[in-house]
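Participant: Contents are mmCIF, C-alpha atoms; file name entry-v3.cif:
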data_structure
#
loop_
_atom_site.label_atom_id
_atom_site.label_comp_id
_atom_site.auth_asym_id
_atom_site.auth_seq_id
_atom_site.Cartn_x
_atom_site.Cartn_y
_atom_site.Cartn_z
CA MET A 1 0.00 0.00 0.00
CA THR A 2 1.41 3.38 -0.93
CA GLU A 3 1.58 6.46 1.27
CA THR A 4 -0.96 8.22 -0.99
CA THR A 5 -3.45 5.42 -0.43
CA LEU A 6 -2.99 5.72 3.30
CA VAL A 7 -4.05 9.34 3.26
CA GLU A 8 -7.03 8.71 1.01
CA ASN A 9 -8.38 5.92 3.24
CA VAL A 10 -8.74 8.04 6.35
CA SER A 11 -12.24 8.20 7.75
CA GLU A 12 -14.07 11.43 6.99
CA ALA A 13 -15.45 11.72 10.52
CA ALA A 14 -12.59 13.54 12.26
CA PRO A 15 -13.39 14.03 15.98
CA ARG A 16 -13.81 17.59 17.18
CA ARG A 17 -14.06 17.24 20.97
CA MET A 18 -12.52 15.04 23.68
CA ARG A 19 -15.69 14.46 25.74
CA SER A 20 -16.15 10.78 24.81
CA PHE A 21 -12.47 10.08 25.36
CA MET A 22 -12.64 11.74 28.79
CA VAL A 23 -15.54 9.51 29.90
CA ILE A 24 -13.77 6.32 28.83
CA TRP A 25 -10.48 7.52 30.31
CA LEU A 26 -12.13 8.18 33.68
CA GLY A 27 -13.75 4.74 33.77
CA GLN A 28 -10.47 3.06 32.91
CA LEU A 29 -8.66 5.16 35.53
CA ILE A 30 -10.95 4.02 38.34
CA SER A 31 -10.49 0.41 37.25
CA MET A 32 -6.71 0.86 37.12
CA LEU A 33 -6.73 2.19 40.67
CA GLY A 34 -8.48 -0.94 41.86
CA SER A 35 -6.09 -3.21 40.00
CA GLY A 36 -3.16 -1.26 41.44
CA LEU A 37 -4.37 -1.95 44.97
CA THR A 38 -4.40 -5.66 44.23
CA ARG A 39 -0.95 -5.66 42.60
CA PHE A 40 0.63 -3.89 45.57
CA ALA A 41 -1.01 -6.13 48.14
CA LEU A 42 -0.18 -9.33 46.25
CA GLY A 43 3.42 -8.15 45.79
CA VAL A 44 3.87 -7.88 49.54
CA TRP A 45 2.16 -11.26 49.96
CA ILE A 46 4.45 -12.98 47.42
CA PHE A 47 7.61 -11.65 49.06
CA ALA A 48 6.35 -12.65 52.52
CA GLU A 49 5.68 -16.16 51.23
CA THR A 50 8.96 -16.68 49.33
CA GLY A 51 11.55 -14.05 50.31
CA GLN A 52 13.11 -14.29 46.82
CA ALA A 53 13.29 -12.15 43.68
CA THR A 54 12.62 -14.98 41.22
CA PRO A 55 8.86 -15.37 41.96
CA PHE A 56 8.43 -11.65 41.20
CA ALA A 57 10.13 -12.10 37.85
CA ILE A 58 8.07 -15.20 37.03
CA THR A 59 4.84 -13.39 37.89
CA VAL A 60 5.73 -10.44 35.68
CA LEU A 61 6.82 -12.79 32.86
CA LEU A 62 3.51 -14.67 32.94
CA GLY A 63 1.67 -11.37 33.11
CA ASN A 64 3.26 -10.26 29.84
CA LEU A 65 4.39 -13.16 27.64
CA PRO A 66 0.98 -14.68 26.70
CA GLY A 67 -0.37 -11.25 25.76
CA LEU A 68 2.76 -10.51 23.77
CA LEU A 69 2.35 -13.68 21.72
CA LEU A 70 -1.33 -12.98 21.11
CA MET A 71 -0.84 -9.33 20.11
CA PRO A 72 -0.90 -9.88 16.31
CA ILE A 73 -4.16 -11.83 16.50
CA ALA A 74 -5.68 -9.31 18.89
CA GLY A 75 -4.66 -6.45 16.60
CA SER A 76 -6.29 -8.14 13.63
CA LEU A 77 -9.52 -8.58 15.57
CA ALA A 78 -9.40 -4.93 16.66
CA ASP A 79 -9.60 -3.97 12.97
CA ARG A 80 -12.19 -6.65 12.15
CA TRP A 81 -14.59 -6.30 15.07
CA ASN A 82 -16.20 -3.53 17.09
CA ARG A 83 -13.43 -2.10 19.27
CA ARG A 84 -15.80 -0.99 22.02
CA ARG A 85 -17.20 -4.51 22.43
CA ILE A 86 -13.70 -5.98 22.57
CA MET A 87 -12.83 -3.63 25.43
CA ILE A 88 -16.03 -4.52 27.31
CA PHE A 89 -15.24 -8.23 26.93
CA ALA A 90 -11.66 -7.77 28.16
CA ASP A 91 -12.66 -5.69 31.19
CA THR A 92 -15.43 -8.10 32.17
CA SER A 93 -13.13 -11.11 31.91
CA SER A 94 -10.51 -9.37 34.07
CA ALA A 95 -13.17 -8.72 36.70
CA LEU A 96 -14.00 -12.43 36.81
CA LEU A 97 -10.32 -13.25 37.36
CA THR A 98 -10.32 -10.87 40.33
CA LEU A 99 -13.28 -12.79 41.76
CA MET A 100 -11.30 -16.02 41.42
CA ILE A 101 -8.46 -14.57 43.49
CA ALA A 102 -11.01 -13.51 46.11
CA PHE A 103 -12.44 -17.05 46.15
CA PHE A 104 -9.05 -18.64 46.89
CA LEU A 105 -8.36 -16.04 49.57
CA PHE A 106 -11.67 -16.59 51.35
CA GLN A 107 -11.05 -20.35 51.25
CA GLY A 108 -7.54 -19.82 52.66
CA ASP A 109 -6.08 -21.76 49.73
CA LEU A 110 -4.27 -19.06 47.71
CA LEU A 111 -0.93 -20.40 46.45
CA ILE A 112 1.83 -18.99 44.26
CA TRP A 113 0.86 -21.23 41.34
CA HIS A 114 -2.72 -19.90 41.53
CA ILE A 115 -1.33 -16.39 40.97
CA TYR A 116 0.77 -17.64 38.07
CA ILE A 117 -2.31 -19.05 36.31
CA LEU A 118 -4.50 -16.02 36.96
CA VAL A 119 -1.92 -13.46 35.79
CA THR A 120 -1.43 -15.57 32.65
CA LEU A 121 -5.15 -15.37 31.87
CA GLY A 122 -5.12 -11.67 32.70
CA SER A 123 -2.35 -11.17 30.16
CA VAL A 124 -4.50 -12.85 27.51
CA PHE A 125 -7.42 -10.50 28.11
CA SER A 126 -5.14 -7.46 28.22
CA ALA A 127 -3.78 -8.45 24.81
CA PHE A 128 -7.23 -7.88 23.31
CA GLN A 129 -7.95 -4.72 25.27
CA GLU A 130 -4.73 -2.86 24.46
CA PRO A 131 -4.88 -2.65 20.63
CA ALA A 132 -8.62 -1.95 20.69
CA TYR A 133 -8.09 0.94 23.12
CA SER A 134 -5.00 2.31 21.35
CA ALA A 135 -6.63 2.20 17.93
CA SER A 136 -9.73 3.96 19.30
CA ILE A 137 -7.90 7.06 20.54
CA VAL A 138 -7.49 8.59 17.09
CA MET A 139 -11.24 8.11 16.49
CA LEU A 140 -12.10 9.96 19.71
CA VAL A 141 -9.57 12.80 19.83
CA PRO A 142 -8.80 15.60 17.34
CA LYS A 143 -5.38 15.32 15.73
CA GLU A 144 -4.24 18.54 17.40
CA LYS A 145 -5.06 17.10 20.83
CA LEU A 146 -3.38 13.69 20.47
CA GLY A 147 -0.39 14.79 22.55
CA ASN A 148 -2.68 15.99 25.32
CA ALA A 149 -4.71 12.76 25.23
CA ASN A 150 -1.59 10.61 25.40
CA GLY A 151 -0.42 12.70 28.33
CA MET A 152 -3.70 11.90 30.07
CA LEU A 153 -3.18 8.18 29.45
CA GLN A 154 0.20 8.45 31.13
CA MET A 155 -1.45 10.49 33.90
CA GLY A 156 -3.82 7.61 34.61
CA GLN A 157 -0.89 5.27 35.17
CA ALA A 158 0.81 7.91 37.30
CA LEU A 159 -2.22 8.45 39.52
CA THR A 160 -2.35 4.70 40.04
CA SER A 161 1.30 4.67 41.10
CA VAL A 162 0.81 7.59 43.49
CA ILE A 163 -2.48 6.65 45.13
CA THR A 164 -2.41 2.86 45.32
CA PRO A 165 0.71 2.36 47.54
CA LEU A 166 -0.63 4.76 50.18
CA LEU A 167 -4.22 3.58 49.92
CA ALA A 168 -3.25 -0.10 49.83
CA GLY A 169 -1.26 0.26 53.03
CA ALA A 170 -4.20 1.83 54.84
CA LEU A 171 -6.73 -0.65 53.45
CA PHE A 172 -4.49 -3.61 54.21
CA VAL A 173 -4.71 -2.73 57.91
CA SER A 174 -8.44 -1.95 57.93
CA ILE A 175 -10.02 -4.50 55.56
CA GLY A 176 -7.17 -6.90 54.72
CA LEU A 177 -6.18 -8.46 51.42
CA ASN A 178 -9.66 -9.97 50.98
CA GLY A 179 -11.30 -6.55 51.20
CA ILE A 180 -8.81 -5.03 48.75
CA ILE A 181 -9.62 -7.71 46.18
CA LEU A 182 -13.34 -6.96 46.48
CA VAL A 183 -12.72 -3.21 46.08
CA ASP A 184 -10.79 -4.04 42.91
CA PHE A 185 -13.76 -6.02 41.58
CA VAL A 186 -16.17 -3.12 42.16
CA THR A 187 -13.97 -0.70 40.21
CA PHE A 188 -14.36 -2.77 37.04
CA PHE A 189 -17.99 -1.66 36.84
CA PHE A 190 -16.85 1.92 36.24
CA ALA A 191 -14.73 0.87 33.25
CA VAL A 192 -17.48 -1.22 31.68
CA GLY A 193 -20.16 1.35 32.50
CA ALA A 194 -18.26 4.09 30.69
CA LEU A 195 -17.91 1.88 27.62
CA LEU A 196 -21.61 1.04 27.67
CA ILE A 197 -22.70 4.69 27.44
CA ILE A 198 -20.10 5.94 24.94
CA HIS A 199 -20.02 5.28 21.21
CA ILE A 200 -16.61 4.66 19.63
CA PRO A 201 -16.69 5.33 15.85
CA GLN A 202 -15.30 2.63 13.60
CA PRO A 203 -12.90 3.83 10.86
CA ALA A 204 -14.07 3.62 7.26
CA GLN A 205 -12.60 0.68 5.34
CA SER A 206 -11.60 0.70 1.70
CA LYS A 207 -12.76 -2.23 -0.44
CA SER A 208 -9.22 -3.56 -0.57
CA GLU A 209 -9.01 -3.57 3.23
CA GLU A 210 -12.38 -5.33 3.54
CA HIS A 211 -11.09 -8.03 1.23
CA LYS A 212 -7.88 -8.48 3.21
CA LYS A 213 -9.83 -8.86 6.44
CA SER A 214 -11.12 -12.23 5.22
CA ASN A 215 -7.71 -13.78 5.98
CA LEU A 216 -6.42 -13.59 9.55
CA TRP A 217 -2.86 -14.52 8.59
CA ASN A 218 -2.79 -11.78 5.98
CA ASP A 219 -3.80 -9.36 8.71
CA ILE A 220 -0.92 -10.48 10.91
CA GLY A 221 1.57 -10.20 8.06
CA PHE A 222 0.18 -6.81 7.08
CA GLY A 223 1.25 -5.11 10.32
CA TRP A 224 4.78 -6.49 10.02
CA ASN A 225 5.16 -5.51 6.36
CA TYR A 226 3.70 -2.05 7.02
CA LEU A 227 6.42 -1.29 9.54
CA ARG A 228 9.24 -2.97 7.61
CA GLN A 229 8.44 -0.74 4.63
CA ARG A 230 9.00 2.30 6.85
CA PRO A 231 12.60 2.01 8.12
CA GLY A 232 12.34 5.02 10.42
CA LEU A 233 9.37 3.62 12.36
CA PHE A 234 10.86 0.12 12.37
CA GLY A 235 14.22 1.36 13.68
CA LEU A 236 12.43 3.32 16.38
CA LEU A 237 10.70 0.13 17.52
CA LEU A 238 13.99 -1.78 17.70
CA TYR A 239 15.29 1.02 19.92
CA TYR A 240 12.25 0.71 22.17
CA ALA A 241 12.77 -3.06 22.35
CA MET A 242 16.28 -2.56 23.71
CA VAL A 243 15.21 0.16 26.13
CA ASN A 244 12.31 -1.98 27.39
CA PHE A 245 14.63 -4.95 27.86
CA LEU A 246 17.07 -2.98 30.00
CA LEU A 247 14.30 -1.27 31.95
CA ASN A 248 12.45 -4.48 32.75
CA TRP A 249 15.61 -6.48 33.38
CA THR A 250 16.10 -4.37 36.47
CA GLY A 251 12.70 -2.74 37.03
CA VAL A 252 11.17 -6.09 37.96
CA LEU A 253 13.63 -6.19 40.88
CA ILE A 254 12.76 -2.86 42.51
CA VAL A 255 10.55 -4.47 45.17
CA PRO A 256 13.14 -7.10 46.22
CA MET A 257 15.94 -4.50 46.19
CA VAL A 258 14.02 -2.30 48.60
CA LEU A 259 12.56 -5.00 50.84
CA THR A 260 15.96 -6.66 51.43
CA ARG A 261 16.96 -3.56 53.46
CA PHE A 262 13.80 -1.62 54.27
CA SER A 263 10.22 -2.15 55.42
CA ALA A 264 7.07 -2.34 53.33
CA SER A 265 6.23 1.21 54.43
CA ILE A 266 9.51 2.47 52.92
CA LEU A 267 8.64 0.56 49.75
CA GLY A 268 5.31 2.38 49.70
CA VAL A 269 7.04 5.76 50.03
CA ILE A 270 9.47 4.93 47.21
CA GLN A 271 6.69 3.71 44.95
CA THR A 272 4.78 6.88 45.76
CA ALA A 273 7.81 8.95 44.70
CA LEU A 274 7.90 6.93 41.49
CA GLY A 275 4.23 7.65 40.91
CA VAL A 276 4.56 11.34 41.74
CA GLY A 277 7.33 11.62 39.13
CA MET A 278 5.14 9.98 36.51
CA LEU A 279 2.19 12.15 37.50
CA ALA A 280 4.27 15.33 37.18
CA GLY A 281 5.60 14.26 33.78
CA SER A 282 2.15 13.29 32.52
CA ILE A 283 0.66 16.60 33.68
CA VAL A 284 3.36 18.42 31.72
CA MET A 285 2.66 16.26 28.65
CA SER A 286 -1.14 16.57 28.85
CA SER A 287 -1.03 20.37 29.21
CA TRP A 288 1.85 20.98 26.80
CA GLY A 289 1.06 18.46 24.05
CA GLY A 290 4.70 18.10 23.04
CA PRO A 291 7.07 19.90 20.64
CA LYS A 292 6.79 20.08 16.87
CA ARG A 293 9.93 17.96 16.44
CA ARG A 294 9.00 14.88 18.43
CA ILE A 295 11.66 12.25 17.62
CA PRO A 296 14.67 14.20 18.98
CA ALA A 297 12.55 14.99 22.03
CA VAL A 298 11.70 11.31 22.54
CA ILE A 299 15.35 10.26 22.49
CA GLY A 300 16.37 13.17 24.72
CA PHE A 301 13.70 12.36 27.30
CA ILE A 302 14.75 8.70 27.33
CA ILE A 303 18.37 9.74 28.01
CA LEU A 304 17.27 11.94 30.92
CA ALA A 305 15.13 9.08 32.28
CA TRP A 306 18.10 6.72 32.33
CA ILE A 307 20.24 9.25 34.18
CA GLY A 308 17.62 9.02 36.92
CA TYR A 309 17.88 5.24 36.80
CA LEU A 310 21.62 5.45 37.40
CA VAL A 311 20.98 7.55 40.49
CA ALA A 312 18.53 4.91 41.82
CA GLY A 313 21.20 2.21 41.64
CA LEU A 314 24.11 4.15 43.09
CA ARG A 315 23.51 3.96 46.83
CA PRO A 316 21.40 1.78 49.19
CA HIS A 317 19.45 4.70 50.58
CA PRO A 318 15.75 5.51 50.12
CA LEU A 319 16.64 9.07 49.09
CA PHE A 320 18.79 7.89 46.19
CA ILE A 321 16.33 5.22 45.12
CA GLY A 322 13.29 7.46 45.42
CA THR A 323 14.92 10.44 43.71
CA GLY A 324 16.26 8.33 40.86
CA LEU A 325 12.93 6.64 40.22
CA PHE A 326 11.17 10.01 40.42
CA LEU A 327 13.42 11.35 37.64
CA LEU A 328 12.98 8.18 35.60
CA MET A 329 9.22 8.34 35.76
CA PHE A 330 9.04 12.09 35.18
CA PHE A 331 10.60 11.75 31.72
CA ILE A 332 8.94 8.49 30.64
CA PRO A 333 5.47 10.06 30.03
CA LEU A 334 7.12 12.79 27.96
CA ALA A 335 8.95 10.20 25.84
CA ALA A 336 6.00 7.79 25.55
CA GLY A 337 3.42 10.49 24.83
CA ASN A 338 5.41 12.06 22.00
CA SER A 339 6.26 8.67 20.51
CA GLN A 340 2.60 7.67 20.53
CA VAL A 341 1.63 10.82 18.64
CA VAL A 342 4.14 9.97 15.90
CA PHE A 343 2.59 6.55 15.33
CA GLN A 344 -0.99 7.80 15.63
CA SER A 345 -0.28 10.50 13.04
CA LYS A 346 1.65 8.34 10.56
CA VAL A 347 -0.56 5.20 10.60
CA ALA A 348 -4.03 5.23 9.01
CA PRO A 349 -6.90 4.70 11.54
CA GLU A 350 -8.36 1.67 9.73
CA VAL A 351 -5.14 -0.35 10.12
CA GLN A 352 -3.99 0.85 13.53
CA GLY A 353 -5.21 -2.29 15.30
CA ARG A 354 -2.91 -4.51 13.20
CA VAL A 355 0.01 -2.11 13.07
CA PHE A 356 -0.13 -1.13 16.74
CA SER A 357 -0.26 -4.77 17.84
CA ILE A 358 2.90 -5.54 15.87
CA ARG A 359 4.41 -2.33 17.24
CA SER A 360 3.71 -3.48 20.80
CA MET A 361 5.01 -6.96 20.05
CA LEU A 362 8.28 -5.62 18.61
CA ALA A 363 8.79 -3.04 21.35
CA GLN A 364 8.20 -5.68 24.03
CA SER A 365 9.88 -8.59 22.23
CA MET A 366 12.93 -8.61 24.51
CA MET A 367 10.97 -8.26 27.74
CA PRO A 368 10.38 -12.01 28.31
CA LEU A 369 14.14 -12.57 28.18
CA ALA A 370 14.54 -9.80 30.75
CA PHE A 371 11.98 -11.41 33.07
CA VAL A 372 13.48 -14.90 32.71
CA THR A 373 17.05 -13.82 33.42
CA ALA A 374 16.54 -11.03 35.98
CA GLY A 375 15.61 -13.11 39.02
CA PRO A 376 18.23 -15.87 38.68
CA LEU A 377 21.00 -13.38 37.81
CA ALA A 378 20.12 -11.28 40.83
CA ASP A 379 19.85 -14.23 43.24
CA TYR A 380 22.80 -16.32 42.03
CA VAL A 381 25.25 -13.94 40.31
CA PHE A 382 25.06 -10.24 41.14
CA GLU A 383 23.92 -10.48 44.77
CA PRO A 384 26.74 -12.95 45.68
CA LEU A 385 29.25 -10.71 43.89
CA MET A 386 28.22 -7.67 45.95
CA LYS A 387 27.61 -9.29 49.33
CA ASP A 388 29.93 -8.53 52.23
CA GLY A 389 33.06 -10.51 51.43
CA GLY A 390 31.97 -11.11 47.83
CA VAL A 391 34.25 -10.94 44.79
CA LEU A 392 33.48 -7.26 44.14
CA ALA A 393 33.14 -6.17 47.76
CA ASP A 394 36.63 -4.66 48.01
CA SER A 395 36.79 -3.40 44.42
CA PHE A 396 36.10 0.09 43.12
CA ILE A 397 32.59 -1.06 42.25
CA GLY A 398 31.95 -2.26 45.78
CA GLN A 399 33.25 0.98 47.27
CA LEU A 400 31.14 3.08 44.88
CA LEU A 401 27.87 1.16 45.22
CA ASP A 402 28.33 -0.28 48.73
CA THR A 403 27.88 -3.94 49.59
CA GLY A 404 25.32 -6.16 51.25
CA PRO A 405 21.72 -7.17 50.50
CA GLY A 406 20.27 -5.54 47.39
CA ARG A 407 23.54 -4.13 46.08
CA GLY A 408 23.84 -6.76 43.36
CA ILE A 409 20.54 -5.44 42.02
CA GLY A 410 21.94 -1.92 42.36
CA LEU A 411 24.87 -2.96 40.15
CA MET A 412 22.38 -4.28 37.59
CA PHE A 413 20.69 -0.86 37.62
CA VAL A 414 23.97 0.90 36.85
CA ILE A 415 24.92 -1.53 34.07
CA ALA A 416 21.48 -1.16 32.44
CA GLY A 417 21.66 2.64 32.66
CA LEU A 418 25.08 2.89 31.01
CA LEU A 419 24.07 0.55 28.19
CA ALA A 420 20.87 2.53 27.56
CA LEU A 421 22.80 5.79 27.23
CA VAL A 422 25.13 4.25 24.63
CA VAL A 423 22.20 2.81 22.63
CA SER A 424 20.36 6.15 22.71
CA ALA A 425 23.38 7.99 21.31
CA LEU A 426 23.68 5.47 18.45
CA VAL A 427 19.98 5.78 17.63
CA TYR A 428 20.11 9.56 17.47
CA ALA A 429 23.02 9.28 15.02
CA ASN A 430 20.75 7.30 12.61
CA PRO A 431 19.18 9.83 10.16
CA ARG A 432 16.34 7.48 9.10
CA ILE A 433 15.07 7.41 12.69
CA ARG A 434 15.86 11.02 13.51
CA ASN A 435 14.07 12.35 10.39
CA VAL A 436 11.09 9.96 10.25
CA GLU A 437 8.64 12.82 10.82
CA ASP A 438 9.82 14.50 7.60
CA GLU A 439 10.05 11.33 5.49
CA LEU A 440 6.52 10.05 6.20
CA PRO A 441 3.37 12.11 5.53
CA ASP A 442 0.58 12.30 8.11
CA ALA A 443 -2.22 9.78 7.69
CA VAL A 444 -4.73 11.44 10.06
CA LYS A 445 -6.88 14.43 9.21
CA SER A 446 -7.14 17.55 11.30
CA ALA A 447 -10.52 18.48 12.78
#
Would you give me this structure, written as structure tokens?

Facilitator:
Amino acid sequence: MTETTLVENVSEAAPRRMRSFMVIWLGQLISMLGSGLTRFALGVWIFAETGQATPFAITVLLGNLPGLLLMPIAGSLADRWNRRRIMIFADTSSALLTLMIAFFLFQGDLLIWHIYILVTLGSVFSAFQEPAYSASIVMLVPKEKLGNANGMLQMGQALTSVITPLLAGALFVSIGLNGIILVDFVTFFFAVGALLIIHIPQPAQSKSEEHKKSNLWNDIGFGWNYLRQRPGLFGLLLYYAMVNFLLNWTGVLIVPMVLTRFSASILGVIQTALGVGMLAGSIVMSSWGGPKRRIPAVIGFIILAWIGYLVAGLRPHPLFIGTGLFLLMFFIPLAAGNSQVVFQSKVAPEVQGRVFSIRSMLAQSMMPLAFVTAGPLADYVFEPLMKDGGVLADSFIGQLLDTGPGRGIGLMFVIAGLLALVVSALVYANPRIRNVEDELPDAVKSA
């Protein structure tokens, strides 16, 4: 398909206001807050049961890998079927999984392998919700407001990070884990209710696209070929894959790194600092909307985020960890929001389900490897190296980062940060990536 065809196939019904988006966003936000309460409470429960980093990594792996593998199929269905109904199905199914956790808790039979199974199923349902939601944004928001809308999406995640650690701690004392799970279940009604009262327009399809939809495998191949034919977008996704690998290779270990030295209340404060940073960055993005030249800004914001990550790994002190994670999360919404606008503007609405699913799959392709290797490397390699009396204890590295519990994970933070800075510099030196906004025409109409 040529670039000219992409422009001609855009739906004529360009949105003029953000009201419908705001209603859906609010419903999803309330649901995210409930899910955040459960994640925090279960995280403390898992560590109390095992005392190791590996179960965390396994849980995160199972919460991502099935959805990652299903992304191409889910993206195809997001272009074939009604996106609103897909989102309702996914949210309802997730609510039922929450009820299953509550059932095991009330019976007193909740085990680690139960959580593994339930997060796996949750990943499957999320795989269908994500491309349907992402592809719907451009149908709900004027082109000129895409940056603001993406900032609001990041804001929702930030509010979850800020509110849930504090609220979960208070609720854990007053109503216990069982009560938190039930609160989570109730919040799903807000997400589904918003979707029931709001209409999400479907993009117009050309006859050629309607014909292609008859073959699921063609749909899957279409998203891959679409991106491969656009080297700037494809190179950008490879960059994101590397950044996501490094971030998740160590990010999955934040909870064990903190809890090996500090209490759960300190963990809550640090996670709150992380959330406040993301909230501040998302507020800036939602009110600003981003610069005209977005790609250099994206790379620059990623570099600044990784500088914060280096700070978080340097010293075993809550101030260093909290400050570093605050800086990391302040710049991530700015990078993610501007990147999302580039893809929303350059990809035609009627194919965004397929293309965005392949985009997510490519960007997250290295994450399973990060989850598989992070826990064992922390437990059996880096932690022993940095323990008191370990191989690196008396070296320059040991003197710089300190030794003892959690410092092996701190070393992993520093290694990941330095590698990310090198990769970012190489990506910026690539003109096909740096100039992708000029090389590709917009495929979305202005209001």

Participant: Apply the PyMOL selection byres ((chain A and resi 120) around 12) to the file shown and report the selected residues as a list of chain:residue names.

Facilitator: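 Output of the PyMOL selection byres ((chain A and resi 120) around 12): A:Ile58, A:Thr59, A:Val60, A:Leu61, A:Leu62, A:Gly63, A:Asn64, A:Leu65, A:Pro66, A:Gly67, A:Leu68, A:Leu69, A:Leu70, A:Ser94, A:Leu97, A:Trp113, A:His114, A:Ile115, A:Tyr116, A:Ile117, A:Leu118, A:Val119, A:Leu121, A:Gly122, A:Ser123, A:Val124, A:Phe125, A:Ser126, A:Ala127.
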
Participant: Could you list, as a list in words, every residue within 9 Å of A:Gln340, counting all atoms listed in the file and ignoring same-chain residues fewer than 5 positions away?

Facilitator: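 The residues that qualify are Leu146, Gly147, Asn150, Ala335 and Ser345 of chain A.
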
Participant: What is the atom CA of A:Ile302 to atom CA of A:Val351 distance in Å?

Facilitator: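 Straight-line distance from atom CA of A:Ile302 to atom CA of A:Val351 works out to 27.8 Å.
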
Participant: Translate the PyMOL selection byres ((chain A and resi 24) around 9), as applied to the file shown, into an explicit residue set as a list of chain:residue names.

Facilitator: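 Evaluating the PyMOL selection byres ((chain A and resi 24) around 9) on these coordinates yields A:Arg19, A:Ser20, A:Phe21, A:Met22, A:Val23, A:Trp25, A:Leu26, A:Gly27, A:Gln28, A:Leu29, A:Ala191, A:Val192, A:Gly193, A:Ala194, A:Leu195, A:Ile198.
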
Participant: Determine the residue set returned by the PyMOL selection byres ((chain A and resi 305-308) around 8) for the present structure, and present it as number ranges by chain.

Facilitator: A: 301-304, 309-312, 323-332, 417, 420-421

Participant: Can you work out the spacing between atom CA of A:Val391 and atom CA of A:Thr260 in Å, to one decimal?

Facilitator: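 Computing the Euclidean distance for atom CA of A:Val391 and atom CA of A:Thr260 yields 19.9 Å.
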
Participant: With only C-alpha atoms as the atoms that count, which of A:Ile112, A:Val183, A:Tyr239, A:Met366 lies nearest to A:Glu49?

Facilitator: A:Ile112

Participant: Residues at most 10 Å from stretch 135-143 of chain A, counting all atoms listed in the file, excluding those fewer than 4 positions away in the same chain, as an NGL selection string?

Facilitator: :A and (11 or 13-22 or 24 or 75 or 78-79 or 83-84 or 130-131 or 147-150 or 199-203 or 341 or 344-345 or 347-357 or 444-447)

Participant: Nearest residue to A:Ala90 out of A:Val243, A:Ala74, A:Ile358, A:Ile180, using only C-alpha atoms?

Facilitator: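 Of the candidates, the smallest distance to A:Ala90 is held by A:Ala74.
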
Participant: Interatomic distance between atom CA of A:Ile46 and atom CA of A:Leu177?

Facilitator: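 Separation of atom CA of A:Ile46 and atom CA of A:Leu177: 12.2 Å.
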
Participant: If we count only C-alpha atoms, what is near stretch 371-381 of chain A at a cut-off of 10 Å, once residues fewer than 4 positions away on the same chain are taken out, given as number ranges by chain?

Facilitator: A: 52-62, 64-65, 245, 248-253, 256-257, 366-367, 385-386, 406-412

Participant: Counting all atoms listed in the file, which of A:Leu418, A:Val186, A:Ile266, A:Ala297 gets nearest to A:Thr92?

Facilitator: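 Nearest candidate to A:Thr92 out of A:Leu418, A:Val186, A:Ile266, A:Ala297: A:Val186.
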
Participant: Using all atoms listed in the file, which residue out of A:Ser265, A:Asn338, A:Gln364, A:Asn82 lies closest to A:Leu166?

Facilitator: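 The closest residue to A:Leu166 is A:Ser265.
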
Participant: Which is closest to A:Met278 among A:Val162, A:Leu246, A:Leu238, A:Leu362, if we use all atoms listed in the file?

Facilitator: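 With all atoms listed in the file as the atom set, the closest residue is A:Val162.
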
Participant: My list of candidates is A:Pro405, A:Pro333, A:Pro368, A:Gly179. Which is closest to A:Ala102 when distances are computed with only C-alpha atoms?

Facilitator: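 Of A:Pro405, A:Pro333, A:Pro368, A:Gly179, the one nearest A:Ala102, counting only C-alpha atoms, is A:Gly179.
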
Participant: Which neighbours of A:Ile163 fall inside 9 Å, counting all atoms listed in the file, when residues of the same chain fewer than 3 positions from it are skipped, and could you give them as a PDB file with C-alpha atoms, keeping the file's coordinate frame?

Facilitator:
ATOM      1  CA  LEU A  33      -6.730   2.190  40.670  1.00  0.00           C
ATOM      2  CA  GLY A  36      -3.160  -1.260  41.440  1.00  0.00           C
ATOM      3  CA  LEU A  37      -4.370  -1.950  44.970  1.00  0.00           C
ATOM      4  CA  ALA A 158       0.810   7.910  37.300  1.00  0.00           C
ATOM      5  CA  LEU A 159      -2.220   8.450  39.520  1.00  0.00           C
ATOM      6  CA  THR A 160      -2.350   4.700  40.040  1.00  0.00           C
ATOM      7  CA  LEU A 166      -0.630   4.760  50.180  1.00  0.00           C
ATOM      8  CA  LEU A 167      -4.220   3.580  49.920  1.00  0.00           C
ATOM      9  CA  ALA A 168      -3.250  -0.100  49.830  1.00  0.00           C
ATOM     10  CA  THR A 272       4.780   6.880  45.760  1.00  0.00           C
ATOM     11  CA  GLY A 275       4.230   7.650  40.910  1.00  0.00           C
TER      12      GLY A 275
END
